[in-house]
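Source file: run.cif. Holds: mmCIF, N, CA, C and O atoms.
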```
data_target
loop_
_atom_site.label_atom_id
_atom_site.label_comp_id
_atom_site.auth_asym_id
_atom_site.auth_seq_id
_atom_site.Cartn_x
_atom_site.Cartn_y
_atom_site.Cartn_z
N ASN A 143 -49.06 -6.24 -45.46
CA ASN A 143 -48.45 -6.14 -44.14
C ASN A 143 -48.75 -7.39 -43.33
O ASN A 143 -49.89 -7.84 -43.29
N PRO A 144 -47.75 -7.91 -42.64
CA PRO A 144 -48.01 -9.08 -41.79
C PRO A 144 -48.81 -8.66 -40.56
O PRO A 144 -48.79 -7.50 -40.15
N PRO A 145 -49.52 -9.60 -39.96
CA PRO A 145 -50.27 -9.26 -38.75
C PRO A 145 -49.30 -8.88 -37.63
O PRO A 145 -48.15 -9.33 -37.62
N PRO A 146 -49.76 -8.07 -36.69
CA PRO A 146 -48.86 -7.66 -35.59
C PRO A 146 -48.49 -8.87 -34.73
O PRO A 146 -49.28 -9.79 -34.55
N THR A 147 -47.30 -8.81 -34.19
CA THR A 147 -46.84 -9.87 -33.29
C THR A 147 -47.51 -9.69 -31.92
O THR A 147 -48.06 -8.62 -31.62
N ASP A 148 -47.45 -10.72 -31.10
CA ASP A 148 -47.99 -10.61 -29.74
C ASP A 148 -47.33 -9.47 -28.98
O ASP A 148 -47.98 -8.75 -28.23
N ALA A 149 -46.02 -9.31 -29.17
CA ALA A 149 -45.29 -8.25 -28.48
C ALA A 149 -45.79 -6.87 -28.92
O ALA A 149 -45.94 -5.97 -28.10
N GLU A 150 -46.06 -6.71 -30.21
CA GLU A 150 -46.57 -5.43 -30.71
C GLU A 150 -47.96 -5.15 -30.17
O GLU A 150 -48.27 -4.01 -29.80
N VAL A 151 -48.78 -6.17 -30.09
CA VAL A 151 -50.14 -6.01 -29.55
C VAL A 151 -50.06 -5.64 -28.07
O VAL A 151 -50.76 -4.74 -27.61
N SER A 152 -49.19 -6.30 -27.32
CA SER A 152 -49.03 -6.00 -25.90
C SER A 152 -48.57 -4.56 -25.68
O SER A 152 -49.09 -3.86 -24.82
N LEU A 153 -47.59 -4.14 -26.46
CA LEU A 153 -47.09 -2.78 -26.33
C LEU A 153 -48.17 -1.77 -26.71
O LEU A 153 -48.33 -0.74 -26.04
N ASN A 154 -48.94 -2.07 -27.72
CA ASN A 154 -50.02 -1.18 -28.13
C ASN A 154 -51.08 -1.08 -27.03
O ASN A 154 -51.59 0.01 -26.75
N ASN A 155 -51.41 -2.20 -26.41
CA ASN A 155 -52.38 -2.18 -25.30
C ASN A 155 -51.86 -1.35 -24.14
O ASN A 155 -52.62 -0.59 -23.53
N LEU A 156 -50.57 -1.49 -23.85
CA LEU A 156 -49.95 -0.69 -22.80
C LEU A 156 -50.04 0.79 -23.13
O LEU A 156 -50.41 1.61 -22.29
N ARG A 157 -49.70 1.15 -24.36
CA ARG A 157 -49.77 2.56 -24.77
C ARG A 157 -51.19 3.10 -24.66
O ARG A 157 -51.40 4.23 -24.22
N ASN A 158 -52.17 2.30 -25.06
CA ASN A 158 -53.57 2.76 -25.00
C ASN A 158 -53.99 3.06 -23.57
O ASN A 158 -54.62 4.10 -23.31
N LEU A 159 -53.67 2.18 -22.63
CA LEU A 159 -54.05 2.42 -21.24
C LEU A 159 -53.27 3.60 -20.67
O LEU A 159 -53.82 4.43 -19.95
N ARG A 160 -51.99 3.69 -21.02
CA ARG A 160 -51.19 4.83 -20.58
C ARG A 160 -51.80 6.13 -21.08
O ARG A 160 -51.92 7.10 -20.34
N ASN A 161 -52.23 6.15 -22.35
CA ASN A 161 -52.83 7.36 -22.91
C ASN A 161 -54.12 7.72 -22.20
O ASN A 161 -54.40 8.90 -21.97
N GLU A 162 -54.92 6.71 -21.82
CA GLU A 162 -56.15 6.98 -21.07
C GLU A 162 -55.82 7.64 -19.73
O GLU A 162 -56.50 8.57 -19.31
N LYS A 163 -54.78 7.15 -19.06
CA LYS A 163 -54.38 7.72 -17.78
C LYS A 163 -53.88 9.15 -17.94
O LYS A 163 -54.13 10.01 -17.09
N LEU A 164 -53.19 9.43 -19.04
CA LEU A 164 -52.75 10.80 -19.30
C LEU A 164 -53.95 11.71 -19.57
O LEU A 164 -54.00 12.84 -19.07
N VAL A 165 -54.91 11.23 -20.34
CA VAL A 165 -56.10 12.04 -20.65
C VAL A 165 -56.85 12.39 -19.37
O VAL A 165 -57.34 13.51 -19.22
N GLU A 166 -56.90 11.45 -18.42
CA GLU A 166 -57.58 11.70 -17.15
C GLU A 166 -56.96 12.87 -16.39
O GLU A 166 -57.63 13.50 -15.57
N THR A 167 -55.70 13.16 -16.65
CA THR A 167 -55.02 14.23 -15.92
C THR A 167 -54.69 15.43 -16.80
O THR A 167 -54.01 16.35 -16.34
N ASP A 168 -55.17 15.44 -18.02
CA ASP A 168 -54.89 16.59 -18.91
C ASP A 168 -55.36 17.90 -18.30
O ASP A 168 -54.73 18.93 -18.50
N TRP A 169 -56.46 17.85 -17.56
CA TRP A 169 -56.99 19.10 -16.98
C TRP A 169 -56.01 19.73 -16.00
O TRP A 169 -56.05 20.93 -15.75
N TRP A 170 -55.09 18.91 -15.44
CA TRP A 170 -54.08 19.47 -14.54
C TRP A 170 -53.22 20.50 -15.26
O TRP A 170 -52.68 21.40 -14.63
N ALA A 171 -53.08 20.35 -16.57
CA ALA A 171 -52.17 21.20 -17.34
C ALA A 171 -52.87 22.41 -17.96
O ALA A 171 -52.28 23.09 -18.78
N ASN A 172 -54.12 22.66 -17.57
CA ASN A 172 -54.81 23.85 -18.09
C ASN A 172 -54.01 25.10 -17.77
O ASN A 172 -53.33 25.17 -16.74
N SER A 173 -54.14 26.09 -18.62
CA SER A 173 -53.33 27.30 -18.46
C SER A 173 -53.64 28.08 -17.19
O SER A 173 -52.82 28.85 -16.72
N ASP A 174 -54.83 27.86 -16.61
CA ASP A 174 -55.18 28.60 -15.40
C ASP A 174 -54.81 27.83 -14.13
O ASP A 174 -55.18 28.23 -13.03
N ARG A 175 -54.05 26.76 -14.26
CA ARG A 175 -53.63 25.94 -13.12
C ARG A 175 -52.12 25.83 -13.12
O ARG A 175 -51.48 25.96 -14.15
N THR A 176 -51.59 25.56 -11.96
CA THR A 176 -50.17 25.23 -11.84
C THR A 176 -50.10 23.83 -11.26
O THR A 176 -50.61 23.58 -10.17
N MET A 177 -49.48 22.93 -12.01
CA MET A 177 -49.36 21.55 -11.53
C MET A 177 -48.36 21.49 -10.38
O MET A 177 -47.36 22.21 -10.38
N THR A 178 -48.65 20.60 -9.44
CA THR A 178 -47.68 20.34 -8.38
C THR A 178 -46.54 19.51 -8.97
O THR A 178 -46.69 18.91 -10.04
N GLN A 179 -45.44 19.46 -8.26
CA GLN A 179 -44.33 18.63 -8.74
C GLN A 179 -44.74 17.17 -8.81
O GLN A 179 -44.35 16.45 -9.72
N ALA A 180 -45.57 16.72 -7.86
CA ALA A 180 -46.04 15.34 -7.86
C ALA A 180 -46.87 15.05 -9.12
O ALA A 180 -46.76 13.97 -9.72
N GLN A 181 -47.68 16.01 -9.55
CA GLN A 181 -48.48 15.83 -10.76
C GLN A 181 -47.59 15.81 -11.99
O GLN A 181 -47.78 14.98 -12.90
N ILE A 182 -46.62 16.70 -12.04
CA ILE A 182 -45.67 16.73 -13.16
C ILE A 182 -44.92 15.41 -13.24
O ILE A 182 -44.78 14.81 -14.31
N ASP A 183 -44.44 14.93 -12.09
CA ASP A 183 -43.69 13.67 -12.04
C ASP A 183 -44.55 12.49 -12.48
O ASP A 183 -44.09 11.62 -13.22
N TYR A 184 -45.80 12.46 -12.01
CA TYR A 184 -46.72 11.37 -12.36
C TYR A 184 -46.91 11.31 -13.87
O TYR A 184 -46.81 10.25 -14.48
N ARG A 185 -47.19 12.45 -14.48
CA ARG A 185 -47.42 12.48 -15.92
C ARG A 185 -46.16 12.08 -16.69
O ARG A 185 -46.23 11.37 -17.68
N GLN A 186 -44.99 12.48 -16.20
CA GLN A 186 -43.74 12.08 -16.85
C GLN A 186 -43.52 10.58 -16.71
O GLN A 186 -43.10 9.92 -17.67
N GLU A 187 -43.80 10.03 -15.54
CA GLU A 187 -43.65 8.59 -15.34
C GLU A 187 -44.58 7.82 -16.29
O GLU A 187 -44.19 6.78 -16.82
N LEU A 188 -45.79 8.34 -16.50
CA LEU A 188 -46.70 7.70 -17.46
C LEU A 188 -46.12 7.75 -18.87
O LEU A 188 -46.15 6.75 -19.59
N ARG A 189 -45.59 8.90 -19.25
CA ARG A 189 -45.03 9.03 -20.60
C ARG A 189 -43.84 8.10 -20.79
O ARG A 189 -43.61 7.57 -21.89
N ASP A 190 -43.07 7.87 -19.72
CA ASP A 190 -41.87 7.05 -19.80
C ASP A 190 -42.14 5.55 -19.62
O ASP A 190 -41.22 4.75 -19.75
N ILE A 191 -43.38 5.18 -19.31
CA ILE A 191 -43.68 3.79 -18.94
C ILE A 191 -43.29 2.79 -20.03
O ILE A 191 -42.86 1.68 -19.73
N THR A 192 -43.39 3.18 -21.29
CA THR A 192 -43.03 2.25 -22.37
C THR A 192 -41.52 2.10 -22.54
O THR A 192 -41.07 1.24 -23.29
N ASN A 193 -40.74 2.92 -21.84
CA ASN A 193 -39.29 2.73 -21.83
C ASN A 193 -38.89 1.59 -20.90
O ASN A 193 -37.82 1.01 -21.04
N THR A 194 -39.77 1.30 -19.94
CA THR A 194 -39.49 0.29 -18.92
C THR A 194 -40.25 -1.00 -19.16
O THR A 194 -39.72 -2.09 -18.92
N TYR A 195 -41.49 -0.88 -19.61
CA TYR A 195 -42.36 -2.05 -19.77
C TYR A 195 -42.81 -2.19 -21.22
O TYR A 195 -42.90 -1.21 -21.95
N SER A 196 -43.13 -3.43 -21.58
CA SER A 196 -43.62 -3.67 -22.94
C SER A 196 -44.93 -4.43 -22.96
O SER A 196 -45.46 -4.71 -24.03
N ALA A 197 -45.47 -4.77 -21.78
CA ALA A 197 -46.73 -5.50 -21.71
C ALA A 197 -47.48 -5.09 -20.44
O ALA A 197 -46.87 -4.83 -19.40
N LEU A 198 -48.80 -5.06 -20.54
CA LEU A 198 -49.64 -4.66 -19.41
C LEU A 198 -49.44 -5.57 -18.20
O LEU A 198 -49.52 -5.12 -17.06
N ASP A 199 -49.20 -6.85 -18.44
CA ASP A 199 -49.08 -7.81 -17.34
C ASP A 199 -47.92 -7.48 -16.41
O ASP A 199 -47.93 -7.87 -15.23
N ASP A 200 -46.91 -6.79 -16.91
CA ASP A 200 -45.70 -6.52 -16.14
C ASP A 200 -45.70 -5.16 -15.46
O ASP A 200 -44.87 -4.90 -14.60
N VAL A 201 -46.60 -4.28 -15.84
CA VAL A 201 -46.53 -2.87 -15.43
C VAL A 201 -46.81 -2.67 -13.95
O VAL A 201 -47.74 -3.24 -13.40
N VAL A 202 -45.99 -1.85 -13.35
CA VAL A 202 -46.26 -1.31 -12.02
C VAL A 202 -46.56 0.18 -12.27
O VAL A 202 -45.67 0.96 -12.59
N TRP A 203 -47.83 0.53 -12.19
CA TRP A 203 -48.25 1.90 -12.50
C TRP A 203 -47.83 2.84 -11.38
O TRP A 203 -47.89 2.49 -10.21
N PRO A 204 -47.42 4.06 -11.75
CA PRO A 204 -47.11 5.04 -10.71
C PRO A 204 -48.39 5.42 -9.97
O PRO A 204 -49.48 5.31 -10.51
N GLU A 205 -48.23 5.83 -8.73
CA GLU A 205 -49.38 6.21 -7.92
C GLU A 205 -49.82 7.63 -8.29
O GLU A 205 -49.02 8.56 -8.31
N LYS A 206 -51.11 7.77 -8.57
CA LYS A 206 -51.66 9.08 -8.94
C LYS A 206 -51.73 9.97 -7.70
O LYS A 206 -52.29 9.56 -6.69
N PRO A 207 -51.15 11.16 -7.78
CA PRO A 207 -51.18 12.06 -6.61
C PRO A 207 -52.57 12.62 -6.35
O PRO A 207 -53.41 12.62 -7.19
#
```
In structure tokens, write the structure found in this file.
Amino acid sequence: NPPPTDAEVSLNNLRNLRNEKLVETDWWANSDRTMTQAQIDYRQELRDITNTYSALDDVVWPEKP
């Protein structure tokens, strides 16, 4: 396998940080809680971030509610 390209490394770094941000809010989705619409939207924006950005340097992170 060839080494990853800079673009692949950048996207992977973006995914890793996005995943960390999702993990920080996983407790919002516990079965004994009801997420607010702002929390639902925030988590969806995080999941969709790689549709808009491909490198950490360019990302405008959504504001955590």
Please evaluate the PyMOL selection byres (((chain A and resi 150-161 and name CA) around 12) and name CA) against the structure above and give the resulting residues as a short mmCIF file (atom, residue, chain, number, x, y, z; two decimals) with N, CA, C and O atoms, in the coordinates of the input.
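Result file follows (out.cif):
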```cif
data_model
loop_
_atom_site.label_atom_id
_atom_site.label_comp_id
_atom_site.auth_asym_id
_atom_site.auth_seq_id
_atom_site.Cartn_x
_atom_site.Cartn_y
_atom_site.Cartn_z
N PRO A 144 -47.75 -7.91 -42.64
CA PRO A 144 -48.01 -9.08 -41.79
C PRO A 144 -48.81 -8.66 -40.56
O PRO A 144 -48.79 -7.50 -40.15
N PRO A 145 -49.52 -9.60 -39.96
CA PRO A 145 -50.27 -9.26 -38.75
C PRO A 145 -49.30 -8.88 -37.63
O PRO A 145 -48.15 -9.33 -37.62
N PRO A 146 -49.76 -8.07 -36.69
CA PRO A 146 -48.86 -7.66 -35.59
C PRO A 146 -48.49 -8.87 -34.73
O PRO A 146 -49.28 -9.79 -34.55
N THR A 147 -47.30 -8.81 -34.19
CA THR A 147 -46.84 -9.87 -33.29
C THR A 147 -47.51 -9.69 -31.92
O THR A 147 -48.06 -8.62 -31.62
N ASP A 148 -47.45 -10.72 -31.10
CA ASP A 148 -47.99 -10.61 -29.74
C ASP A 148 -47.33 -9.47 -28.98
O ASP A 148 -47.98 -8.75 -28.23
N ALA A 149 -46.02 -9.31 -29.17
CA ALA A 149 -45.29 -8.25 -28.48
C ALA A 149 -45.79 -6.87 -28.92
O ALA A 149 -45.94 -5.97 -28.10
N GLU A 162 -54.92 6.71 -21.82
CA GLU A 162 -56.15 6.98 -21.07
C GLU A 162 -55.82 7.64 -19.73
O GLU A 162 -56.50 8.57 -19.31
N LYS A 163 -54.78 7.15 -19.06
CA LYS A 163 -54.38 7.72 -17.78
C LYS A 163 -53.88 9.15 -17.94
O LYS A 163 -54.13 10.01 -17.09
N LEU A 164 -53.19 9.43 -19.04
CA LEU A 164 -52.75 10.80 -19.30
C LEU A 164 -53.95 11.71 -19.57
O LEU A 164 -54.00 12.84 -19.07
N VAL A 165 -54.91 11.23 -20.34
CA VAL A 165 -56.10 12.04 -20.65
C VAL A 165 -56.85 12.39 -19.37
O VAL A 165 -57.34 13.51 -19.22
N GLU A 166 -56.90 11.45 -18.42
CA GLU A 166 -57.58 11.70 -17.15
C GLU A 166 -56.96 12.87 -16.39
O GLU A 166 -57.63 13.50 -15.57
N THR A 167 -55.70 13.16 -16.65
CA THR A 167 -55.02 14.23 -15.92
C THR A 167 -54.69 15.43 -16.80
O THR A 167 -54.01 16.35 -16.34
N ASP A 168 -55.17 15.44 -18.02
CA ASP A 168 -54.89 16.59 -18.91
C ASP A 168 -55.36 17.90 -18.30
O ASP A 168 -54.73 18.93 -18.50
N TYR A 184 -45.80 12.46 -12.01
CA TYR A 184 -46.72 11.37 -12.36
C TYR A 184 -46.91 11.31 -13.87
O TYR A 184 -46.81 10.25 -14.48
N ARG A 185 -47.19 12.45 -14.48
CA ARG A 185 -47.42 12.48 -15.92
C ARG A 185 -46.16 12.08 -16.69
O ARG A 185 -46.23 11.37 -17.68
N GLN A 186 -44.99 12.48 -16.20
CA GLN A 186 -43.74 12.08 -16.85
C GLN A 186 -43.52 10.58 -16.71
O GLN A 186 -43.10 9.92 -17.67
N GLU A 187 -43.80 10.03 -15.54
CA GLU A 187 -43.65 8.59 -15.34
C GLU A 187 -44.58 7.82 -16.29
O GLU A 187 -44.19 6.78 -16.82
N LEU A 188 -45.79 8.34 -16.50
CA LEU A 188 -46.70 7.70 -17.46
C LEU A 188 -46.12 7.75 -18.87
O LEU A 188 -46.15 6.75 -19.59
N ARG A 189 -45.59 8.90 -19.25
CA ARG A 189 -45.03 9.03 -20.60
C ARG A 189 -43.84 8.10 -20.79
O ARG A 189 -43.61 7.57 -21.89
N ASP A 190 -43.07 7.87 -19.72
CA ASP A 190 -41.87 7.05 -19.80
C ASP A 190 -42.14 5.55 -19.62
O ASP A 190 -41.22 4.75 -19.75
N ILE A 191 -43.38 5.18 -19.31
CA ILE A 191 -43.68 3.79 -18.94
C ILE A 191 -43.29 2.79 -20.03
O ILE A 191 -42.86 1.68 -19.73
N THR A 192 -43.39 3.18 -21.29
CA THR A 192 -43.03 2.25 -22.37
C THR A 192 -41.52 2.10 -22.54
O THR A 192 -41.07 1.24 -23.29
N ASN A 193 -40.74 2.92 -21.84
CA ASN A 193 -39.29 2.73 -21.83
C ASN A 193 -38.89 1.59 -20.90
O ASN A 193 -37.82 1.01 -21.04
N THR A 194 -39.77 1.30 -19.94
CA THR A 194 -39.49 0.29 -18.92
C THR A 194 -40.25 -1.00 -19.16
O THR A 194 -39.72 -2.09 -18.92
N TYR A 195 -41.49 -0.88 -19.61
CA TYR A 195 -42.36 -2.05 -19.77
C TYR A 195 -42.81 -2.19 -21.22
O TYR A 195 -42.90 -1.21 -21.95
N SER A 196 -43.13 -3.43 -21.58
CA SER A 196 -43.62 -3.67 -22.94
C SER A 196 -44.93 -4.43 -22.96
O SER A 196 -45.46 -4.71 -24.03
N ALA A 197 -45.47 -4.77 -21.78
CA ALA A 197 -46.73 -5.50 -21.71
C ALA A 197 -47.48 -5.09 -20.44
O ALA A 197 -46.87 -4.83 -19.40
N LEU A 198 -48.80 -5.06 -20.54
CA LEU A 198 -49.64 -4.66 -19.41
C LEU A 198 -49.44 -5.57 -18.20
O LEU A 198 -49.52 -5.12 -17.06
N ASP A 199 -49.20 -6.85 -18.44
CA ASP A 199 -49.08 -7.81 -17.34
C ASP A 199 -47.92 -7.48 -16.41
O ASP A 199 -47.93 -7.87 -15.23
N ASP A 200 -46.91 -6.79 -16.91
CA ASP A 200 -45.70 -6.52 -16.14
C ASP A 200 -45.70 -5.16 -15.46
O ASP A 200 -44.87 -4.90 -14.60
N VAL A 201 -46.60 -4.28 -15.84
CA VAL A 201 -46.53 -2.87 -15.43
C VAL A 201 -46.81 -2.67 -13.95
O VAL A 201 -47.74 -3.24 -13.40
N VAL A 202 -45.99 -1.85 -13.35
CA VAL A 202 -46.26 -1.31 -12.02
C VAL A 202 -46.56 0.18 -12.27
O VAL A 202 -45.67 0.96 -12.59
N TRP A 203 -47.83 0.53 -12.19
CA TRP A 203 -48.25 1.90 -12.50
C TRP A 203 -47.83 2.84 -11.38
O TRP A 203 -47.89 2.49 -10.21
N PRO A 204 -47.42 4.06 -11.75
CA PRO A 204 -47.11 5.04 -10.71
C PRO A 204 -48.39 5.42 -9.97
O PRO A 204 -49.48 5.31 -10.51
#
```
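Separating atom N of A:Glu205 from atom N of A:Thr178 is a distance of 14.8 Å.
Between atom N of A:Pro207 and atom O of A:Ser173 there is a distance of 19.9 Å.
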Item to check | Computed interatomic separation between atom C of A:Lys206 and atom C of A:Asp183 (Å) | outcome: 9.0 Å
For stretch 189-200 of chain A, take all atoms listed in the file, fit an axis-aligned box around them, add 6 Å to each of the six sides, then output centre and edge lengths in Å rounded to one decimal, as AutoDock Vina command-line options.
```
--center_x -43.7 --center_y 0.6 --center_z -19.3 --size_x 23.8 --size_y 28.9 --size_z 21.4
```
Next on the checklist: Please return, as number ranges by chain, all residues of chain A that DSSP assigns to alpha helix (DSSP H) on the basis of the backbone.
Outcome noted: A: 148-166, 179-194
Working from the structure I just supplied, which lacks atoms in stretch 193-204 of chain A, can you model all heavy atoms there and output them as a compact mmCIF listing (two decimals), in the coordinates of the input?
```
# COMPACT_ATOMS: atom_id res chain seq x y z
N ASN A 193 -40.74 2.92 -21.84
CA ASN A 193 -39.29 2.73 -21.83
C ASN A 193 -38.89 1.59 -20.90
O ASN A 193 -37.82 1.01 -21.04
CB ASN A 193 -38.57 4.01 -21.38
CG ASN A 193 -38.77 5.16 -22.34
OD1 ASN A 193 -39.06 4.96 -23.51
ND2 ASN A 193 -38.63 6.37 -21.83
N THR A 194 -39.77 1.30 -19.94
CA THR A 194 -39.49 0.29 -18.92
C THR A 194 -40.25 -1.00 -19.16
O THR A 194 -39.72 -2.09 -18.92
CB THR A 194 -39.86 0.84 -17.53
OG1 THR A 194 -39.22 2.10 -17.35
CG2 THR A 194 -39.45 -0.11 -16.42
N TYR A 195 -41.49 -0.88 -19.61
CA TYR A 195 -42.36 -2.05 -19.77
C TYR A 195 -42.81 -2.19 -21.22
O TYR A 195 -42.90 -1.21 -21.95
CB TYR A 195 -43.60 -1.90 -18.88
CG TYR A 195 -43.27 -1.76 -17.41
CD1 TYR A 195 -43.30 -0.51 -16.80
CD2 TYR A 195 -42.93 -2.87 -16.65
CE1 TYR A 195 -42.99 -0.38 -15.46
CE2 TYR A 195 -42.62 -2.74 -15.31
CZ TYR A 195 -42.65 -1.49 -14.72
OH TYR A 195 -42.34 -1.36 -13.40
N SER A 196 -43.13 -3.43 -21.58
CA SER A 196 -43.62 -3.67 -22.94
C SER A 196 -44.93 -4.43 -22.96
O SER A 196 -45.46 -4.71 -24.03
CB SER A 196 -42.56 -4.42 -23.76
OG SER A 196 -42.27 -5.66 -23.15
N ALA A 197 -45.47 -4.77 -21.78
CA ALA A 197 -46.73 -5.50 -21.71
C ALA A 197 -47.48 -5.09 -20.44
O ALA A 197 -46.87 -4.83 -19.40
CB ALA A 197 -46.50 -7.00 -21.71
N LEU A 198 -48.80 -5.06 -20.54
CA LEU A 198 -49.64 -4.66 -19.41
C LEU A 198 -49.44 -5.57 -18.20
O LEU A 198 -49.52 -5.12 -17.06
CB LEU A 198 -51.12 -4.70 -19.81
CG LEU A 198 -51.63 -3.49 -20.58
CD1 LEU A 198 -53.06 -3.72 -21.02
CD2 LEU A 198 -51.54 -2.23 -19.74
N ASP A 199 -49.20 -6.85 -18.44
CA ASP A 199 -49.08 -7.81 -17.34
C ASP A 199 -47.92 -7.48 -16.41
O ASP A 199 -47.93 -7.87 -15.23
CB ASP A 199 -48.91 -9.23 -17.88
CG ASP A 199 -50.13 -9.73 -18.62
OD1 ASP A 199 -51.23 -9.17 -18.41
OD2 ASP A 199 -49.99 -10.66 -19.42
N ASP A 200 -46.91 -6.79 -16.91
CA ASP A 200 -45.70 -6.52 -16.14
C ASP A 200 -45.70 -5.16 -15.46
O ASP A 200 -44.87 -4.90 -14.60
CB ASP A 200 -44.47 -6.59 -17.06
CG ASP A 200 -44.37 -7.92 -17.79
OD1 ASP A 200 -44.78 -8.94 -17.20
OD2 ASP A 200 -43.88 -7.92 -18.94
N VAL A 201 -46.60 -4.28 -15.84
CA VAL A 201 -46.53 -2.87 -15.43
C VAL A 201 -46.81 -2.67 -13.95
O VAL A 201 -47.74 -3.24 -13.40
CB VAL A 201 -47.52 -2.02 -16.25
CG1 VAL A 201 -47.55 -0.58 -15.75
CG2 VAL A 201 -47.16 -2.04 -17.71
N VAL A 202 -45.99 -1.85 -13.35
CA VAL A 202 -46.26 -1.31 -12.02
C VAL A 202 -46.56 0.18 -12.27
O VAL A 202 -45.67 0.96 -12.59
CB VAL A 202 -45.05 -1.46 -11.08
CG1 VAL A 202 -45.34 -0.81 -9.74
CG2 VAL A 202 -44.70 -2.93 -10.92
N TRP A 203 -47.83 0.53 -12.19
CA TRP A 203 -48.25 1.90 -12.50
C TRP A 203 -47.83 2.84 -11.38
O TRP A 203 -47.89 2.49 -10.21
CB TRP A 203 -49.77 1.97 -12.68
CG TRP A 203 -50.23 1.23 -13.89
CD1 TRP A 203 -50.81 0.00 -13.91
CD2 TRP A 203 -50.14 1.65 -15.25
NE1 TRP A 203 -51.09 -0.37 -15.21
CE2 TRP A 203 -50.69 0.64 -16.04
CE3 TRP A 203 -49.65 2.81 -15.88
CZ2 TRP A 203 -50.76 0.73 -17.43
CZ3 TRP A 203 -49.72 2.89 -17.26
CH2 TRP A 203 -50.27 1.88 -18.02
N PRO A 204 -47.42 4.06 -11.75
CA PRO A 204 -47.11 5.04 -10.71
C PRO A 204 -48.39 5.42 -9.97
O PRO A 204 -49.48 5.31 -10.51
CB PRO A 204 -46.55 6.23 -11.49
CG PRO A 204 -47.04 6.08 -12.89
CD PRO A 204 -47.25 4.60 -13.10
```
